[in-house]
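Asks: This is the content of coords.pdb (PDB, C-alpha atoms):
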ATOM      1  CA  GLN X   1    -112.088 -29.302 -44.586  1.00  0.00           C
ATOM      2  CA  VAL X   2    -112.642 -28.056 -48.104  1.00  0.00           C
ATOM      3  CA  GLN X   3    -109.690 -28.581 -50.433  1.00  0.00           C
ATOM      4  CA  LEU X   4    -109.130 -28.545 -54.165  1.00  0.00           C
ATOM      5  CA  VAL X   5    -106.039 -30.421 -55.308  1.00  0.00           C
ATOM      6  CA  GLN X   6    -104.882 -30.066 -58.893  1.00  0.00           C
ATOM      7  CA  SER X   7    -102.713 -32.273 -61.035  1.00  0.00           C
ATOM      8  CA  GLY X   8     -99.060 -31.489 -61.588  1.00  0.00           C
ATOM      9  CA  GLY X   9     -97.329 -29.218 -64.028  1.00  0.00           C
ATOM     10  CA  GLU X  10     -97.149 -30.045 -67.710  1.00  0.00           C
ATOM     11  CA  VAL X  11     -94.844 -29.191 -70.595  1.00  0.00           C
ATOM     12  CA  LYS X  12     -96.477 -29.373 -74.006  1.00  0.00           C
ATOM     13  CA  LYS X  13     -95.525 -28.636 -77.591  1.00  0.00           C
ATOM     14  CA  PRO X  14     -97.514 -26.186 -79.696  1.00  0.00           C
ATOM     15  CA  GLY X  15    -100.618 -27.789 -81.114  1.00  0.00           C
ATOM     16  CA  ALA X  16    -100.875 -30.367 -78.335  1.00  0.00           C
ATOM     17  CA  SER X  17    -103.609 -30.717 -75.721  1.00  0.00           C
ATOM     18  CA  VAL X  18    -103.504 -30.608 -71.945  1.00  0.00           C
ATOM     19  CA  LYS X  19    -105.971 -32.023 -69.457  1.00  0.00           C
ATOM     20  CA  ILE X  20    -105.879 -30.791 -65.864  1.00  0.00           C
ATOM     21  CA  SER X  21    -107.697 -32.420 -62.982  1.00  0.00           C
ATOM     22  CA  CYS X  22    -109.106 -30.771 -59.880  1.00  0.00           C
ATOM     23  CA  LYS X  23    -109.948 -33.189 -57.094  1.00  0.00           C
ATOM     24  CA  THR X  24    -112.248 -31.840 -54.417  1.00  0.00           C
ATOM     25  CA  PHE X  25    -112.524 -32.747 -50.759  1.00  0.00           C
ATOM     26  CA  GLY X  26    -114.706 -31.785 -47.842  1.00  0.00           C
ATOM     27  CA  TYR X  27    -118.034 -31.038 -49.532  1.00  0.00           C
ATOM     28  CA  THR X  28    -120.646 -32.587 -51.780  1.00  0.00           C
ATOM     29  CA  PHE X  29    -119.198 -32.116 -55.256  1.00  0.00           C
ATOM     30  CA  THR X  30    -122.416 -31.509 -57.140  1.00  0.00           C
ATOM     31  CA  THR X  31    -123.676 -28.851 -54.732  1.00  0.00           C
ATOM     32  CA  TYR X  32    -121.375 -26.168 -56.125  1.00  0.00           C
ATOM     33  CA  GLY X  33    -119.866 -25.352 -59.461  1.00  0.00           C
ATOM     34  CA  ILE X  34    -116.252 -24.936 -60.474  1.00  0.00           C
ATOM     35  CA  ASN X  35    -114.649 -22.017 -62.257  1.00  0.00           C
ATOM     36  CA  TRP X  36    -111.381 -22.240 -64.147  1.00  0.00           C
ATOM     37  CA  VAL X  37    -109.052 -19.248 -64.099  1.00  0.00           C
ATOM     38  CA  ARG X  38    -105.592 -18.856 -65.600  1.00  0.00           C
ATOM     39  CA  GLN X  39    -102.692 -16.507 -65.072  1.00  0.00           C
ATOM     40  CA  ALA X  40     -99.914 -15.999 -67.578  1.00  0.00           C
ATOM     41  CA  PRO X  41     -96.467 -15.286 -66.125  1.00  0.00           C
ATOM     42  CA  GLY X  42     -96.429 -11.854 -64.495  1.00  0.00           C
ATOM     43  CA  GLN X  43     -99.937 -11.124 -65.681  1.00  0.00           C
ATOM     44  CA  GLY X  44    -103.420 -10.809 -64.193  1.00  0.00           C
ATOM     45  CA  LEU X  45    -106.213 -13.323 -63.775  1.00  0.00           C
ATOM     46  CA  GLU X  46    -108.179 -14.482 -66.784  1.00  0.00           C
ATOM     47  CA  TRP X  47    -111.538 -16.122 -66.220  1.00  0.00           C
ATOM     48  CA  MET X  48    -111.876 -19.178 -68.460  1.00  0.00           C
ATOM     49  CA  ALA X  49    -114.969 -21.162 -67.601  1.00  0.00           C
ATOM     50  CA  TRP X  50    -117.933 -21.770 -65.362  1.00  0.00           C
ATOM     51  CA  VAL X  51    -119.299 -25.291 -64.890  1.00  0.00           C
ATOM     52  CA  THR X  52    -122.089 -26.620 -62.711  1.00  0.00           C
ATOM     53  CA  PHE X  53    -122.613 -30.330 -62.284  1.00  0.00           C
ATOM     54  CA  GLN X  54    -126.200 -30.815 -61.238  1.00  0.00           C
ATOM     55  CA  ASN X  55    -127.327 -29.849 -64.737  1.00  0.00           C
ATOM     56  CA  ALA X  56    -124.030 -30.207 -66.635  1.00  0.00           C
ATOM     57  CA  TYR X  57    -124.082 -26.505 -67.526  1.00  0.00           C
ATOM     58  CA  THR X  58    -120.981 -24.825 -68.897  1.00  0.00           C
ATOM     59  CA  ASN X  59    -120.155 -21.308 -69.992  1.00  0.00           C
ATOM     60  CA  TYR X  60    -116.926 -19.808 -71.279  1.00  0.00           C
ATOM     61  CA  PRO X  61    -115.790 -16.835 -73.345  1.00  0.00           C
ATOM     62  CA  PRO X  62    -115.888 -17.051 -77.143  1.00  0.00           C
ATOM     63  CA  LYS X  63    -112.083 -17.118 -77.343  1.00  0.00           C
ATOM     64  CA  PHE X  64    -112.120 -20.668 -75.960  1.00  0.00           C
ATOM     65  CA  HIS X  65    -114.958 -22.020 -78.089  1.00  0.00           C
ATOM     66  CA  GLY X  66    -113.828 -25.125 -79.922  1.00  0.00           C
ATOM     67  CA  ARG X  67    -110.699 -25.520 -77.775  1.00  0.00           C
ATOM     68  CA  LEU X  68    -112.035 -26.115 -74.281  1.00  0.00           C
ATOM     69  CA  THR X  69    -113.762 -29.157 -72.835  1.00  0.00           C
ATOM     70  CA  LEU X  70    -115.021 -29.347 -69.272  1.00  0.00           C
ATOM     71  CA  THR X  71    -115.910 -32.696 -67.773  1.00  0.00           C
ATOM     72  CA  ALA X  72    -116.249 -34.292 -64.382  1.00  0.00           C
ATOM     73  CA  ASP X  73    -116.248 -37.572 -62.549  1.00  0.00           C
ATOM     74  CA  THR X  74    -119.001 -36.757 -60.107  1.00  0.00           C
ATOM     75  CA  SER X  75    -118.668 -40.016 -58.208  1.00  0.00           C
ATOM     76  CA  SER X  76    -115.039 -39.157 -57.382  1.00  0.00           C
ATOM     77  CA  GLY X  77    -115.493 -35.397 -57.005  1.00  0.00           C
ATOM     78  CA  ILE X  78    -113.049 -34.527 -59.770  1.00  0.00           C
ATOM     79  CA  ALA X  79    -113.398 -31.777 -62.353  1.00  0.00           C
ATOM     80  CA  TYR X  80    -111.362 -31.765 -65.564  1.00  0.00           C
ATOM     81  CA  MET X  81    -110.392 -29.021 -67.972  1.00  0.00           C
ATOM     82  CA  GLU X  82    -108.947 -29.908 -71.366  1.00  0.00           C
ATOM     83  CA  LEU X  83    -107.473 -27.250 -73.633  1.00  0.00           C
ATOM     84  CA  ARG X  84    -106.563 -28.166 -77.222  1.00  0.00           C
ATOM     85  CA  GLY X  85    -104.489 -26.496 -79.898  1.00  0.00           C
ATOM     86  CA  LEU X  86    -102.011 -25.092 -77.398  1.00  0.00           C
ATOM     87  CA  GLU X  87    -100.002 -22.011 -78.311  1.00  0.00           C
ATOM     88  CA  SER X  88     -97.218 -20.231 -76.450  1.00  0.00           C
ATOM     89  CA  ALA X  89     -99.825 -17.716 -75.252  1.00  0.00           C
ATOM     90  CA  ASP X  90    -101.470 -20.551 -73.300  1.00  0.00           C
ATOM     91  CA  THR X  91     -98.439 -20.810 -71.024  1.00  0.00           C
ATOM     92  CA  ALA X  92     -99.901 -20.017 -67.633  1.00  0.00           C
ATOM     93  CA  VAL X  93    -100.818 -21.236 -64.183  1.00  0.00           C
ATOM     94  CA  TYR X  94    -104.292 -22.733 -64.358  1.00  0.00           C
ATOM     95  CA  TYR X  95    -106.520 -22.661 -61.278  1.00  0.00           C
ATOM     96  CA  CYS X  96    -109.756 -24.353 -60.404  1.00  0.00           C
ATOM     97  CA  ALA X  97    -111.934 -22.687 -57.795  1.00  0.00           C
ATOM     98  CA  ARG X  98    -115.176 -23.595 -56.073  1.00  0.00           C
ATOM     99  CA  ALA X  99    -118.024 -21.385 -57.229  1.00  0.00           C
ATOM    100  CA  VAL X 100    -120.516 -20.555 -54.518  1.00  0.00           C
ATOM    101  CA  GLY X 101    -123.210 -17.904 -54.551  1.00  0.00           C
ATOM    102  CA  VAL X 102    -120.832 -15.359 -53.087  1.00  0.00           C
ATOM    103  CA  GLY X 103    -117.714 -15.825 -55.154  1.00  0.00           C
ATOM    104  CA  LEU X 104    -114.830 -18.223 -55.605  1.00  0.00           C
ATOM    105  CA  ASP X 105    -114.202 -19.260 -52.042  1.00  0.00           C
ATOM    106  CA  TYR X 106    -111.699 -22.119 -52.302  1.00  0.00           C
ATOM    107  CA  TRP X 107    -108.964 -22.443 -54.903  1.00  0.00           C
ATOM    108  CA  GLY X 108    -106.672 -25.188 -56.051  1.00  0.00           C
ATOM    109  CA  GLN X 109    -102.939 -24.726 -55.771  1.00  0.00           C
ATOM    110  CA  GLY X 110    -102.551 -24.065 -59.474  1.00  0.00           C
ATOM    111  CA  THR X 111    -101.077 -26.081 -62.333  1.00  0.00           C
ATOM    112  CA  LEU X 112     -98.311 -24.616 -64.477  1.00  0.00           C
ATOM    113  CA  VAL X 113     -98.683 -25.435 -68.142  1.00  0.00           C
ATOM    114  CA  THR X 114     -95.697 -24.537 -70.290  1.00  0.00           C
ATOM    115  CA  VAL X 115     -96.084 -24.561 -74.053  1.00  0.00           C
ATOM    116  CA  SER X 116     -92.757 -24.670 -75.826  1.00  0.00           C
ATOM    117  CA  SER X 117     -91.260 -26.233 -78.901  1.00  0.00           C
TER     118      SER X 117
ATOM    119  CA  GLU Q   1    -119.546  -8.418 -71.791  1.00  0.00           C
ATOM    120  CA  ILE Q   2    -118.601  -6.236 -68.855  1.00  0.00           C
ATOM    121  CA  VAL Q   3    -115.043  -4.922 -68.788  1.00  0.00           C
ATOM    122  CA  LEU Q   4    -113.554  -3.956 -65.431  1.00  0.00           C
ATOM    123  CA  THR Q   5    -110.817  -1.325 -65.218  1.00  0.00           C
ATOM    124  CA  GLN Q   6    -108.856  -0.961 -62.007  1.00  0.00           C
ATOM    125  CA  SER Q   7    -106.867   2.042 -60.871  1.00  0.00           C
ATOM    126  CA  PRO Q   8    -104.207   2.739 -59.996  1.00  0.00           C
ATOM    127  CA  GLY Q   9    -102.000   0.042 -61.456  1.00  0.00           C
ATOM    128  CA  THR Q  10     -99.610   0.288 -58.518  1.00  0.00           C
ATOM    129  CA  LEU Q  11     -99.841   1.838 -55.069  1.00  0.00           C
ATOM    130  CA  SER Q  12     -96.636   2.420 -53.127  1.00  0.00           C
ATOM    131  CA  LEU Q  13     -97.393   2.682 -49.435  1.00  0.00           C
ATOM    132  CA  SER Q  14     -95.950   2.028 -45.989  1.00  0.00           C
ATOM    133  CA  PRO Q  15     -97.287  -0.297 -43.277  1.00  0.00           C
ATOM    134  CA  GLY Q  16    -100.014   1.424 -41.274  1.00  0.00           C
ATOM    135  CA  GLU Q  17    -101.165   3.589 -44.188  1.00  0.00           C
ATOM    136  CA  SER Q  18    -104.444   3.160 -46.022  1.00  0.00           C
ATOM    137  CA  ALA Q  19    -105.007   1.968 -49.578  1.00  0.00           C
ATOM    138  CA  THR Q  20    -107.894   2.808 -51.878  1.00  0.00           C
ATOM    139  CA  ILE Q  21    -108.382   0.800 -55.064  1.00  0.00           C
ATOM    140  CA  SER Q  22    -110.954   1.637 -57.698  1.00  0.00           C
ATOM    141  CA  CYS Q  23    -112.756  -0.706 -60.069  1.00  0.00           C
ATOM    142  CA  ARG Q  24    -114.856   0.783 -62.832  1.00  0.00           C
ATOM    143  CA  ALA Q  25    -117.259  -1.319 -64.894  1.00  0.00           C
ATOM    144  CA  SER Q  26    -117.939  -0.621 -68.565  1.00  0.00           C
ATOM    145  CA  GLN Q  27    -121.687  -0.740 -67.842  1.00  0.00           C
ATOM    146  CA  ARG Q  28    -123.908  -0.692 -64.799  1.00  0.00           C
ATOM    147  CA  MET Q  29    -123.757  -3.932 -62.909  1.00  0.00           C
ATOM    148  CA  ASN Q  30    -125.543  -5.606 -60.065  1.00  0.00           C
ATOM    149  CA  ARG Q  31    -123.515  -4.800 -56.972  1.00  0.00           C
ATOM    150  CA  SER Q  32    -124.108  -8.299 -55.658  1.00  0.00           C
ATOM    151  CA  TYR Q  33    -121.827  -9.457 -58.490  1.00  0.00           C
ATOM    152  CA  MET Q  34    -118.775  -7.434 -57.377  1.00  0.00           C
ATOM    153  CA  MET Q  35    -116.027  -9.452 -55.687  1.00  0.00           C
ATOM    154  CA  TRP Q  36    -112.539  -8.552 -54.495  1.00  0.00           C
ATOM    155  CA  TYR Q  37    -109.567 -10.910 -54.154  1.00  0.00           C
ATOM    156  CA  ARG Q  38    -106.053 -10.615 -52.796  1.00  0.00           C
ATOM    157  CA  GLN Q  39    -103.194 -12.571 -54.322  1.00  0.00           C
ATOM    158  CA  ARG Q  40     -99.856 -12.876 -52.591  1.00  0.00           C
ATOM    159  CA  PRO Q  41     -96.760 -13.911 -54.604  1.00  0.00           C
ATOM    160  CA  GLY Q  42     -96.770 -17.589 -55.465  1.00  0.00           C
ATOM    161  CA  GLN Q  43    -100.232 -18.158 -54.018  1.00  0.00           C
ATOM    162  CA  ALA Q  44    -103.718 -18.600 -55.334  1.00  0.00           C
ATOM    163  CA  PRO Q  45    -106.094 -15.650 -54.969  1.00  0.00           C
ATOM    164  CA  ARG Q  46    -108.193 -15.364 -51.833  1.00  0.00           C
ATOM    165  CA  LEU Q  47    -111.730 -14.008 -51.701  1.00  0.00           C
ATOM    166  CA  LEU Q  48    -111.919 -10.880 -49.527  1.00  0.00           C
ATOM    167  CA  ILE Q  49    -115.196  -9.148 -50.339  1.00  0.00           C
ATOM    168  CA  TYR Q  50    -118.411 -10.378 -51.944  1.00  0.00           C
ATOM    169  CA  GLY Q  51    -121.481  -8.452 -53.015  1.00  0.00           C
ATOM    170  CA  ALA Q  52    -119.433  -5.243 -53.146  1.00  0.00           C
ATOM    171  CA  SER Q  53    -119.341  -4.679 -49.397  1.00  0.00           C
ATOM    172  CA  ASN Q  54    -119.551  -7.964 -47.485  1.00  0.00           C
ATOM    173  CA  ARG Q  55    -116.440  -9.399 -45.918  1.00  0.00           C
ATOM    174  CA  ALA Q  56    -115.855 -13.058 -46.685  1.00  0.00           C
ATOM    175  CA  THR Q  57    -115.207 -15.478 -43.848  1.00  0.00           C
ATOM    176  CA  GLY Q  58    -111.872 -14.675 -42.255  1.00  0.00           C
ATOM    177  CA  THR Q  59    -111.435 -11.270 -43.868  1.00  0.00           C
ATOM    178  CA  PRO Q  60    -110.138  -8.755 -41.317  1.00  0.00           C
ATOM    179  CA  ASP Q  61    -112.283  -5.705 -40.657  1.00  0.00           C
ATOM    180  CA  ARG Q  62    -109.564  -3.394 -41.965  1.00  0.00           C
ATOM    181  CA  PHE Q  63    -110.877  -4.368 -45.422  1.00  0.00           C
ATOM    182  CA  SER Q  64    -114.032  -2.668 -46.659  1.00  0.00           C
ATOM    183  CA  GLY Q  65    -115.789  -2.464 -49.986  1.00  0.00           C
ATOM    184  CA  SER Q  66    -118.249   0.033 -51.352  1.00  0.00           C
ATOM    185  CA  GLY Q  67    -119.855   1.242 -54.519  1.00  0.00           C
ATOM    186  CA  SER Q  68    -122.667   0.612 -56.946  1.00  0.00           C
ATOM    187  CA  GLY Q  69    -123.588   1.082 -60.589  1.00  0.00           C
ATOM    188  CA  THR Q  70    -120.271   1.297 -62.395  1.00  0.00           C
ATOM    189  CA  ASP Q  71    -117.915   2.446 -59.629  1.00  0.00           C
ATOM    190  CA  PHE Q  72    -116.621   0.249 -56.832  1.00  0.00           C
ATOM    191  CA  THR Q  73    -113.891   0.708 -54.243  1.00  0.00           C
ATOM    192  CA  LEU Q  74    -111.805  -1.498 -52.007  1.00  0.00           C
ATOM    193  CA  THR Q  75    -110.309   0.235 -48.969  1.00  0.00           C
ATOM    194  CA  ILE Q  76    -107.639  -1.252 -46.762  1.00  0.00           C
ATOM    195  CA  ASN Q  77    -106.998   0.546 -43.487  1.00  0.00           C
ATOM    196  CA  ARG Q  78    -103.774   0.216 -41.506  1.00  0.00           C
ATOM    197  CA  LEU Q  79    -101.834  -1.897 -44.021  1.00  0.00           C
ATOM    198  CA  GLU Q  80    -100.262  -5.007 -42.541  1.00  0.00           C
ATOM    199  CA  PRO Q  81     -97.205  -6.741 -44.061  1.00  0.00           C
ATOM    200  CA  GLU Q  82     -99.397  -9.471 -45.598  1.00  0.00           C
ATOM    201  CA  ASP Q  83    -101.465  -6.823 -47.425  1.00  0.00           C
ATOM    202  CA  PHE Q  84     -98.627  -5.978 -49.812  1.00  0.00           C
ATOM    203  CA  ALA Q  85     -99.975  -8.017 -52.672  1.00  0.00           C
ATOM    204  CA  VAL Q  86    -102.050  -7.743 -55.837  1.00  0.00           C
ATOM    205  CA  TYR Q  87    -105.787  -7.065 -55.678  1.00  0.00           C
ATOM    206  CA  PHE Q  88    -108.356  -8.001 -58.279  1.00  0.00           C
ATOM    207  CA  CYS Q  89    -111.978  -7.051 -58.664  1.00  0.00           C
ATOM    208  CA  GLN Q  90    -114.314  -9.481 -60.393  1.00  0.00           C
ATOM    209  CA  HIS Q  91    -117.742  -9.391 -61.957  1.00  0.00           C
ATOM    210  CA  TYR Q  92    -119.063 -12.756 -60.759  1.00  0.00           C
ATOM    211  CA  GLY Q  93    -122.565 -13.581 -61.853  1.00  0.00           C
ATOM    212  CA  ASP Q  94    -124.768 -14.715 -64.704  1.00  0.00           C
ATOM    213  CA  SER Q  95    -122.327 -17.610 -65.066  1.00  0.00           C
ATOM    214  CA  THR Q  96    -119.414 -15.348 -65.965  1.00  0.00           C
ATOM    215  CA  GLY Q  97    -116.442 -14.155 -63.969  1.00  0.00           C
ATOM    216  CA  THR Q  98    -114.511 -11.318 -65.629  1.00  0.00           C
ATOM    217  CA  PHE Q  99    -111.584  -9.889 -63.654  1.00  0.00           C
ATOM    218  CA  GLY Q 100    -110.054  -6.453 -63.550  1.00  0.00           C
ATOM    219  CA  GLN Q 101    -106.392  -6.239 -64.537  1.00  0.00           C
ATOM    220  CA  GLY Q 102    -105.178  -5.983 -60.948  1.00  0.00           C
ATOM    221  CA  THR Q 103    -103.681  -3.374 -58.612  1.00  0.00           C
ATOM    222  CA  LYS Q 104    -100.352  -4.003 -56.943  1.00  0.00           C
ATOM    223  CA  VAL Q 105     -99.845  -2.612 -53.452  1.00  0.00           C
ATOM    224  CA  ASP Q 106     -96.132  -2.500 -52.798  1.00  0.00           C
ATOM    225  CA  LEU Q 107     -93.776  -1.180 -50.145  1.00  0.00           C
ATOM    226  CA  LYS Q 108     -92.707   2.420 -50.510  1.00  0.00           C
TER     227      LYS Q 108
END
Taking this structure as input, can you express it in the form of structure tokens?

Replies:
Amino acid sequence: QVQLVQSGGEVKKPGASVKISCKTFGYTFTTYGINWVRQAPGQGLEWMAWVTFQNAYTNYPPKFHGRLTLTADTSSGIAYMELRGLESADTAVYYCARAVGVGLDYWGQGTLVTVSS
Amino acid sequence: EIVLTQSPGTLSLSPGESATISCRASQRMNRSYMMWYRQRPGQAPRLLIYGASNRATGTPDRFSGSGSGTDFTLTINRLEPEDFAVYFCQHYGDSTGTFGQGTKVDLK
């Protein structure tokens, strides 16, 4: 059974960093990529990143350049997303989702990151 | 970068009615890249439609998608209680995944 299980919620101060894990179950980790998506309170979905593991390819919008690092422990089936230089606007629920050829078919439960002084 | 604009922002309907949600792309796009998701309160999104018109595994046949070029539509026939939620279109392809801003279907 495919599952993506994310790490727990975090409270961070402005300027800090957060690293979220996404542990996968039920499939061969390197076969599919992972997308990261976030959702600010009461807002829509914002696509953040696309990562594939067979060739260590990553892609993300310019707004995250210099602030976002995507890594993985392929032997354990875990993807990580680190966001630096946190601002209040980064307060959101962060999701990982499995990227297959036909969309994001399985999602993690979400991780709430609160940025507050 | 493709920008997706959904309309309307909110649809107020009753169970058993039909919903039609539009998603317009800022430029022509490959229809195989158009996805639709449903998000219920407090839950992660769920993939409903891929490639503009193909139902994902487990998607009831009351959901249908259509469109090409810049204009795409999600239709929900005979709304069930679980369909009162927010719907998002997504351009998913070329290693990017831009979402529309969402359409809320709520109870009239």

Asks: For this file, the PyMOL selection byres ((chain X and resi 84-99) around 8) selects which residues, as an mmCIF file with C-alpha atoms, keeping the file's coordinate frame?

Replies:
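Final output, result_34.cif:
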data_model
loop_
_atom_site.group_PDB
_atom_site.id
_atom_site.type_symbol
_atom_site.label_atom_id
_atom_site.label_comp_id
_atom_site.auth_asym_id
_atom_site.auth_seq_id
_atom_site.Cartn_x
_atom_site.Cartn_y
_atom_site.Cartn_z
ATOM 1 C CA LEU X 4 -109.130 -28.545 -54.165
ATOM 2 C CA GLN X 6 -104.882 -30.066 -58.893
ATOM 3 C CA LYS X 12 -96.477 -29.373 -74.006
ATOM 4 C CA LYS X 13 -95.525 -28.636 -77.591
ATOM 5 C CA PRO X 14 -97.514 -26.186 -79.696
ATOM 6 C CA GLY X 15 -100.618 -27.789 -81.114
ATOM 7 C CA ALA X 16 -100.875 -30.367 -78.335
ATOM 8 C CA SER X 17 -103.609 -30.717 -75.721
ATOM 9 C CA VAL X 18 -103.504 -30.608 -71.945
ATOM 10 C CA CYS X 22 -109.106 -30.771 -59.880
ATOM 11 C CA TYR X 32 -121.375 -26.168 -56.125
ATOM 12 C CA GLY X 33 -119.866 -25.352 -59.461
ATOM 13 C CA ILE X 34 -116.252 -24.936 -60.474
ATOM 14 C CA ASN X 35 -114.649 -22.017 -62.257
ATOM 15 C CA TRP X 36 -111.381 -22.240 -64.147
ATOM 16 C CA VAL X 37 -109.052 -19.248 -64.099
ATOM 17 C CA ARG X 38 -105.592 -18.856 -65.600
ATOM 18 C CA GLN X 39 -102.692 -16.507 -65.072
ATOM 19 C CA ALA X 40 -99.914 -15.999 -67.578
ATOM 20 C CA PRO X 41 -96.467 -15.286 -66.125
ATOM 21 C CA ARG X 67 -110.699 -25.520 -77.775
ATOM 22 C CA LEU X 68 -112.035 -26.115 -74.281
ATOM 23 C CA GLU X 82 -108.947 -29.908 -71.366
ATOM 24 C CA LEU X 83 -107.473 -27.250 -73.633
ATOM 25 C CA VAL X 100 -120.516 -20.555 -54.518
ATOM 26 C CA GLY X 101 -123.210 -17.904 -54.551
ATOM 27 C CA VAL X 102 -120.832 -15.359 -53.087
ATOM 28 C CA GLY X 103 -117.714 -15.825 -55.154
ATOM 29 C CA LEU X 104 -114.830 -18.223 -55.605
ATOM 30 C CA ASP X 105 -114.202 -19.260 -52.042
ATOM 31 C CA TYR X 106 -111.699 -22.119 -52.302
ATOM 32 C CA TRP X 107 -108.964 -22.443 -54.903
ATOM 33 C CA GLY X 108 -106.672 -25.188 -56.051
ATOM 34 C CA GLN X 109 -102.939 -24.726 -55.771
ATOM 35 C CA GLY X 110 -102.551 -24.065 -59.474
ATOM 36 C CA THR X 111 -101.077 -26.081 -62.333
ATOM 37 C CA LEU X 112 -98.311 -24.616 -64.477
ATOM 38 C CA VAL X 113 -98.683 -25.435 -68.142
ATOM 39 C CA THR X 114 -95.697 -24.537 -70.290
ATOM 40 C CA VAL X 115 -96.084 -24.561 -74.053
ATOM 41 C CA SER X 116 -92.757 -24.670 -75.826
ATOM 42 C CA ALA Q 44 -103.718 -18.600 -55.334
#

Asks: Select residues of chain Q: the criterion is any atom within 6 Å of an atom of chain X, counting all atoms listed in the file; output as a list in words.

Replies: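 Here is what falls inside 6 Å: Leu47, Tyr50, Gly97, Thr98 and Gln101 of chain Q.
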
Asks: Can you list, as an NGL selection string, every protein, DNA or RNA residue that comes within 7 Å of X:Val2 when you count all atoms listed in the file, leaving out same-chain residues fewer than 2 positions away?

Replies: :X and (25-27)

Asks: What is the atom CA of X:Val5-atom CA of X:Phe53 distance in Å, reported with one decimal?

Replies: 18.0 Å

Asks: Rank nothing, just name the residue among Q:Leu13, Q:Pro41, Q:Pro8, Q:Phe72 nearest to Q:Ser26, using only C-alpha atoms.

Replies: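 Closest to Q:Ser26, using only C-alpha atoms: Q:Phe72.
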
Asks: Between Q:Pro81, Q:Gly93, Q:Gly9, Q:Pro60, which is the closest to Q:Met34 once you count all atoms listed in the file?

Replies: Q:Gly93

Asks: If we draw a sphere of 10 Å around (-123.6, -7.0, -55.5), which residues have at least one atom in it when counting all atoms listed in the file? Please report them as an MDAnalysis selection string.

Replies: (chainID X and resid 102) or (chainID Q and resid 29:35 50:54 66:69 91:93)

Asks: Which residues match the PyMOL selection byres ((chain Q and resi 12) around 8) in the file above, as a VMD selection string?

Replies: chain Q and resid 10 to 11 13 to 14 105 to 108

Asks: Work out how far atom CA of Q:Asp94 is from atom CA of X:Gly66, in Å to one decimal.

Replies: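 Spanning atom CA of X:Gly66 to atom CA of Q:Asp94 is a straight-line distance of 21.4 Å.
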
Asks: What separation in Å, quoted to one decimal, exists between atom CA of Q:Val3 and atom CA of Q:Gly100?

Replies: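 Interatomic distance, atom CA of Q:Val3 to atom CA of Q:Gly100: 7.4 Å.
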
Asks: Excluding Q:Arg38 and any residue of its chain fewer than 4 positions from it, enumerate the residues within 7 Å of it, using all atoms listed in the file, and give them as number ranges by chain.

Replies: Q: 45-48, 85-88

Asks: Name all residues at most 7 Å from Q:Ile21 (count only C-alpha atoms; drop same-chain ones fewer than 3 positions away) and give them as a CSV table (one decimal) with C-alpha atoms, keeping the file's coordinate frame.

Replies:
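Saved as selection.csv:
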chain,number,residue,atom,x,y,z
Q,7,SER,CA,-106.9,2.0,-60.9
Q,8,PRO,CA,-104.2,2.7,-60.0
Q,73,THR,CA,-113.9,0.7,-54.2
Q,74,LEU,CA,-111.8,-1.5,-52.0
Q,75,THR,CA,-110.3,0.2,-49.0

Asks: Between Q:Thr70, Q:Ser18, Q:Thr103, Q:Thr5, which is the closest to Q:Tyr37 once you count all atoms listed in the file?

Replies: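 Using all atoms listed in the file, the shortest distance to Q:Tyr37 belongs to Q:Thr103.
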
Asks: Would you translate the PyMOL selection byres ((chain Q and resi 79) around 10) into the concrete set of residues it matches in this file, as a list in words?

Replies: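 Answer for the PyMOL selection byres ((chain Q and resi 79) around 10): Leu13, Ser14, Pro15, Gly16, Glu17, Ser18, Ala19, Arg62, Phe63, Ile76, Asn77, Arg78, Glu80, Pro81, Glu82, Asp83, Phe84 and Val105 of chain Q.
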